[in-house]
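Encoded as structure tokens, the structure appears first; notes follow it.
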Amino acid sequence: MNNKITVSCTKKNLKQIRDFVTEYLAAYTLTDIQMNQIVLAVDEICANLIIHANSEDPSKSISLSITEKAGMLKFEIVDNGVAFRRSEYKEPNIEEHIRVGKKGGVGIALVNRIMDRVEFETSDRQNTCFLYKKIK
Amino acid sequence: MKITNQIKDTTIIITLDGELDASSSVMLDEALSDPEIMTYSKILVDCKDLNYISSAGLGVFISHLQRFEDAQIKLIFYNMQDKVRNVFEILGLDLLMTIVSDYEEAMTIADE
């Protein structure tokens, strides 16, 4: 099974990433909600990388690969942009976002709540995000 | 993403068809930023054909909600698919926004 995709950093390519994840996951028995949650978590990370880490520069790219071992799905997303600083991340206060009319900042919260494990790694100029989700 | 509007007296019905992601949510933001929308007393959002929503789509609704509330405009979602509603629920947005099952219920609430 094809388990890797590379796309250039434009928001239009998010659909392609979601279709790729959906296709890969079709081999597993998942409910609509489970399937949607996993696709969403990957989409959120890729959107952040495309928009924030790589400033929607189409000459740059991100790669996603998916593997499954003993009922654990592993998503590996690689880019060469600005690394995500987890230490600076704060869980959003949604009511405050509503009050001030804030548009962004809830994507990573979704990822953290959906996935079983979320890790970020940086070596040289390459950043990797690992997402783990138990499905069996 | 296709967004269509239907006007019924002081109510505007916005029908969302497709996927609301970081790319397509810009269109929704433009639609909700249209000054004309503030002239209605109710905004009903038909989500029957909304197949996907990401944080960017949620963010658009989050960013306009207070402005609508301040102007006493009711924002009501209906016909939402379970998987889409689940995304609202993960963040607790189902408790902060009005999501009802169908058009009839949406109209009843809107008339209260």
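Labels used: A, B, ... for chains in the order of the structure tokens, numbers from 1 for residues in each chain, and numbers from 1 for ligands as shown.
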- Using backbone DSSP assignments, extract all strand (DSSP E) residues from chain B; output them as a ChimeraX atom specification. /B:2-8,11-20,42-53,74-78,98-100
File dump, residues just selected, C-alpha atoms, as a PDB file, in the first residue's frame:
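Once everything was written out, this is again38.pdb:
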ATOM      1  CA  LYS B   2     -20.396  26.216  -1.942  1.00  0.00           C
ATOM      2  CA  ILE B   3     -22.218  28.815   0.136  1.00  0.00           C
ATOM      3  CA  THR B   4     -25.751  29.844  -0.779  1.00  0.00           C
ATOM      4  CA  ASN B   5     -28.065  32.312   0.937  1.00  0.00           C
ATOM      5  CA  GLN B   6     -31.815  32.340   1.155  1.00  0.00           C
ATOM      6  CA  ILE B   7     -33.766  35.179   2.724  1.00  0.00           C
ATOM      7  CA  LYS B   8     -37.044  34.677   4.594  1.00  0.00           C
ATOM      8  CA  THR B  11     -33.996  35.402   8.641  1.00  0.00           C
ATOM      9  CA  ILE B  12     -31.063  34.507   6.440  1.00  0.00           C
ATOM     10  CA  ILE B  13     -30.484  30.838   5.760  1.00  0.00           C
ATOM     11  CA  ILE B  14     -26.897  30.010   4.838  1.00  0.00           C
ATOM     12  CA  THR B  15     -26.438  26.612   3.219  1.00  0.00           C
ATOM     13  CA  LEU B  16     -22.957  25.109   3.400  1.00  0.00           C
ATOM     14  CA  ASP B  17     -22.070  22.464   0.831  1.00  0.00           C
ATOM     15  CA  GLY B  18     -18.659  20.799   0.912  1.00  0.00           C
ATOM     16  CA  GLU B  19     -15.639  20.934   3.189  1.00  0.00           C
ATOM     17  CA  LEU B  20     -14.630  23.832   5.435  1.00  0.00           C
ATOM     18  CA  LYS B  42     -31.571  35.294  12.710  1.00  0.00           C
ATOM     19  CA  ILE B  43     -28.845  33.432  10.876  1.00  0.00           C
ATOM     20  CA  LEU B  44     -29.690  29.789  10.237  1.00  0.00           C
ATOM     21  CA  VAL B  45     -26.845  27.605   9.028  1.00  0.00           C
ATOM     22  CA  ASP B  46     -27.942  24.485   7.142  1.00  0.00           C
ATOM     23  CA  CYS B  47     -25.144  21.922   7.633  1.00  0.00           C
ATOM     24  CA  LYS B  48     -26.728  18.950   5.825  1.00  0.00           C
ATOM     25  CA  ASP B  49     -24.082  18.925   3.079  1.00  0.00           C
ATOM     26  CA  LEU B  50     -21.243  20.166   5.246  1.00  0.00           C
ATOM     27  CA  ASN B  51     -19.058  17.055   5.114  1.00  0.00           C
ATOM     28  CA  TYR B  52     -16.041  18.339   7.001  1.00  0.00           C
ATOM     29  CA  ILE B  53     -14.957  21.139   9.299  1.00  0.00           C
ATOM     30  CA  LYS B  74     -29.298  34.515  16.718  1.00  0.00           C
ATOM     31  CA  LEU B  75     -26.898  32.076  15.051  1.00  0.00           C
ATOM     32  CA  ILE B  76     -28.394  28.582  14.787  1.00  0.00           C
ATOM     33  CA  PHE B  77     -26.913  25.469  13.190  1.00  0.00           C
ATOM     34  CA  TYR B  78     -29.133  22.616  12.027  1.00  0.00           C
ATOM     35  CA  THR B  98     -26.863  26.651  19.291  1.00  0.00           C
ATOM     36  CA  ILE B  99     -27.032  23.392  17.345  1.00  0.00           C
ATOM     37  CA  VAL B 100     -30.462  21.845  16.730  1.00  0.00           C
TER      38      VAL B 100
END
- Query: Got a sec: who's within 12 Å of B:Leu95, counting only C-alpha atoms, leaving out chain neighbours fewer than 6 positions off, as a ChimeraX atom specification?
  - Reply: /A:94-95 /B:85,88-89
For the residues in that selection, give me N, CA and C atoms as a compact mmCIF listing (two decimals), in the first residue's frame.
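What follows is the written file result25.txt:
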# COMPACT_ATOMS: atom_id res chain seq x y z
N ILE A 94 -11.61 28.77 25.01
CA ILE A 94 -12.54 29.03 23.90
C ILE A 94 -13.48 30.20 24.19
N GLU A 95 -13.94 30.28 25.46
CA GLU A 95 -14.86 31.37 25.79
C GLU A 95 -14.19 32.74 25.59
N ARG B 85 -20.63 17.39 14.04
CA ARG B 85 -21.04 17.80 15.38
C ARG B 85 -19.99 17.37 16.41
N PHE B 88 -17.31 19.91 16.94
CA PHE B 88 -17.76 20.99 17.84
C PHE B 88 -17.68 20.50 19.29
N GLU B 89 -18.07 19.23 19.51
CA GLU B 89 -18.11 18.69 20.86
C GLU B 89 -16.73 18.53 21.48
Among chain B, which residues does DSSP mark as alpha helix (DSSP H) when it is run on the backbone? Keep the chain and numbering as in the structure and answer as a PDB file with C-alpha atoms, in the first residue's frame.
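Final output, result26.pdb:
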ATOM      1  CA  SER B  25     -13.019  28.872   5.286  1.00  0.00           C
ATOM      2  CA  VAL B  26     -11.871  32.218   3.833  1.00  0.00           C
ATOM      3  CA  MET B  27     -15.073  32.208   1.736  1.00  0.00           C
ATOM      4  CA  LEU B  28     -17.230  31.671   4.809  1.00  0.00           C
ATOM      5  CA  ASP B  29     -15.438  34.467   6.638  1.00  0.00           C
ATOM      6  CA  GLU B  30     -16.165  36.829   3.757  1.00  0.00           C
ATOM      7  CA  ALA B  31     -19.835  35.797   3.734  1.00  0.00           C
ATOM      8  CA  LEU B  32     -20.211  36.381   7.494  1.00  0.00           C
ATOM      9  CA  SER B  33     -18.302  39.681   7.303  1.00  0.00           C
ATOM     10  CA  SER B  55     -10.375  24.396  13.249  1.00  0.00           C
ATOM     11  CA  ALA B  56     -10.198  27.080  10.552  1.00  0.00           C
ATOM     12  CA  GLY B  57     -13.926  26.653   9.869  1.00  0.00           C
ATOM     13  CA  LEU B  58     -14.746  26.585  13.592  1.00  0.00           C
ATOM     14  CA  GLY B  59     -12.552  29.667  14.018  1.00  0.00           C
ATOM     15  CA  VAL B  60     -14.657  31.641  11.568  1.00  0.00           C
ATOM     16  CA  PHE B  61     -17.821  30.971  13.625  1.00  0.00           C
ATOM     17  CA  ILE B  62     -15.947  31.577  16.912  1.00  0.00           C
ATOM     18  CA  SER B  63     -14.695  34.948  15.647  1.00  0.00           C
ATOM     19  CA  HIS B  64     -18.138  36.219  14.609  1.00  0.00           C
ATOM     20  CA  LEU B  65     -20.272  34.832  17.454  1.00  0.00           C
ATOM     21  CA  GLN B  66     -19.809  37.668  19.951  1.00  0.00           C
ATOM     22  CA  ARG B  67     -20.506  40.296  17.284  1.00  0.00           C
ATOM     23  CA  PHE B  68     -23.801  38.574  16.434  1.00  0.00           C
ATOM     24  CA  GLU B  69     -24.705  38.180  20.115  1.00  0.00           C
ATOM     25  CA  ASP B  70     -23.971  41.850  20.795  1.00  0.00           C
ATOM     26  CA  ASP B  82     -22.711  13.435  13.524  1.00  0.00           C
ATOM     27  CA  LYS B  83     -19.038  13.508  12.536  1.00  0.00           C
ATOM     28  CA  VAL B  84     -19.143  17.293  12.122  1.00  0.00           C
ATOM     29  CA  ARG B  85     -21.038  17.796  15.380  1.00  0.00           C
ATOM     30  CA  ASN B  86     -18.384  15.649  17.072  1.00  0.00           C
ATOM     31  CA  VAL B  87     -15.719  18.233  16.119  1.00  0.00           C
ATOM     32  CA  PHE B  88     -17.764  20.986  17.838  1.00  0.00           C
ATOM     33  CA  GLU B  89     -18.114  18.687  20.861  1.00  0.00           C
ATOM     34  CA  ILE B  90     -14.372  17.969  21.183  1.00  0.00           C
ATOM     35  CA  TYR B 103     -35.138  23.318  10.160  1.00  0.00           C
ATOM     36  CA  GLU B 104     -38.427  23.241  12.110  1.00  0.00           C
ATOM     37  CA  GLU B 105     -36.591  23.269  15.430  1.00  0.00           C
ATOM     38  CA  ALA B 106     -34.259  25.985  14.199  1.00  0.00           C
ATOM     39  CA  MET B 107     -37.219  28.175  13.218  1.00  0.00           C
ATOM     40  CA  THR B 108     -38.952  27.565  16.571  1.00  0.00           C
ATOM     41  CA  ILE B 109     -35.854  28.609  18.489  1.00  0.00           C
ATOM     42  CA  ALA B 110     -35.305  31.535  16.178  1.00  0.00           C
ATOM     43  CA  ASP B 111     -38.819  32.817  16.902  1.00  0.00           C
TER      44      ASP B 111
END
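Proximity to stretch 86-92 of chain A at 12 Å, evaluated using only C-alpha atoms and with sequence-adjacent residues fewer than 5 positions away removed, yields His97, Ile98, Lys102, Lys103, Gly104, Gly105, Val106, Gly107, Ile108, Ala109, Leu110, Val111, Asn112, Arg113, Val118, Glu119, Phe120, Glu121, Thr122 and Cys129 of chain A; Gly59, Leu91 and Gly92 of chain B.
Interatomic distance, atom CA of B:Asp94 to atom CA of A:Ala47: 23.6 Å.
Straight-line separation from atom CA of A:Ala53 to atom CA of A:Gln37: 22.9 Å.
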- Task: Have a look at atom CA of A:Thr10 and atom CA of A:Thr22 and let me know their distance in Å, one decimal.
- Result: 19.7 Å
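For the residues B:Asp34, B:Glu112, B:Asp21, B:Asp102, ranking by smallest atom-to-atom distance to chain A using only C-alpha atoms places B:Asp21 first.
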- Message: Can you tell me which residues surround A:Lys74 at a distance of at most 9 Å, considering only C-alpha atoms, apart from same-chain residues fewer than 2 positions away, and format the answer as a PyMOL selection string?
- Response: chain A and resi 65-69+72+76+130-134
Given the selection you just returned, output its residues as a file containing N, CA and C atoms, formatted as a PDB file, in the first residue's frame.
ATOM      1  N   SER A  65       3.929  10.333   6.065  1.00  0.00           N
ATOM      2  CA  SER A  65       3.906   8.882   5.863  1.00  0.00           C
ATOM      3  C   SER A  65       3.129   8.242   7.006  1.00  0.00           C
ATOM      4  N   ILE A  66       2.448   7.145   6.670  1.00  0.00           N
ATOM      5  CA  ILE A  66       1.580   6.463   7.643  1.00  0.00           C
ATOM      6  C   ILE A  66       2.003   5.007   7.755  1.00  0.00           C
ATOM      7  N   THR A  67       2.100   4.533   8.984  1.00  0.00           N
ATOM      8  CA  THR A  67       2.356   3.105   9.194  1.00  0.00           C
ATOM      9  C   THR A  67       1.434   2.618  10.306  1.00  0.00           C
ATOM     10  N   GLU A  68       1.247   1.312  10.356  1.00  0.00           N
ATOM     11  CA  GLU A  68       0.410   0.736  11.421  1.00  0.00           C
ATOM     12  C   GLU A  68       1.103  -0.510  11.945  1.00  0.00           C
ATOM     13  N   LYS A  69       1.182  -0.595  13.272  1.00  0.00           N
ATOM     14  CA  LYS A  69       1.816  -1.747  13.904  1.00  0.00           C
ATOM     15  C   LYS A  69       1.023  -2.089  15.150  1.00  0.00           C
ATOM     16  N   MET A  72      -1.639   0.217  16.277  1.00  0.00           N
ATOM     17  CA  MET A  72      -1.255   1.608  16.528  1.00  0.00           C
ATOM     18  C   MET A  72      -0.897   2.279  15.207  1.00  0.00           C
ATOM     19  N   GLU A  76       3.771  10.377  10.390  1.00  0.00           N
ATOM     20  CA  GLU A  76       5.040  11.093  10.488  1.00  0.00           C
ATOM     21  C   GLU A  76       5.001  12.220   9.465  1.00  0.00           C
ATOM     22  N   PHE A 130       5.186  13.552  15.054  1.00  0.00           N
ATOM     23  CA  PHE A 130       4.684  12.174  15.116  1.00  0.00           C
ATOM     24  C   PHE A 130       3.320  12.186  15.807  1.00  0.00           C
ATOM     25  N   LEU A 131       2.354  11.558  15.166  1.00  0.00           N
ATOM     26  CA  LEU A 131       1.023  11.406  15.766  1.00  0.00           C
ATOM     27  C   LEU A 131       0.739   9.926  15.917  1.00  0.00           C
ATOM     28  N   TYR A 132       0.289   9.508  17.084  1.00  0.00           N
ATOM     29  CA  TYR A 132      -0.029   8.102  17.322  1.00  0.00           C
ATOM     30  C   TYR A 132      -1.498   7.947  17.707  1.00  0.00           C
ATOM     31  N   LYS A 133      -2.126   6.939  17.124  1.00  0.00           N
ATOM     32  CA  LYS A 133      -3.527   6.688  17.474  1.00  0.00           C
ATOM     33  C   LYS A 133      -3.794   5.187  17.523  1.00  0.00           C
ATOM     34  N   LYS A 134      -4.238   4.723  18.681  1.00  0.00           N
ATOM     35  CA  LYS A 134      -4.568   3.314  18.866  1.00  0.00           C
ATOM     36  C   LYS A 134      -5.938   3.063  18.232  1.00  0.00           C
TER      37      LYS A 134
END
- For A:Val42, which residue out of B:Ser54, B:Asn79, B:Thr39, B:Thr10 is the nearest one, using only C-alpha atoms? B:Ser54
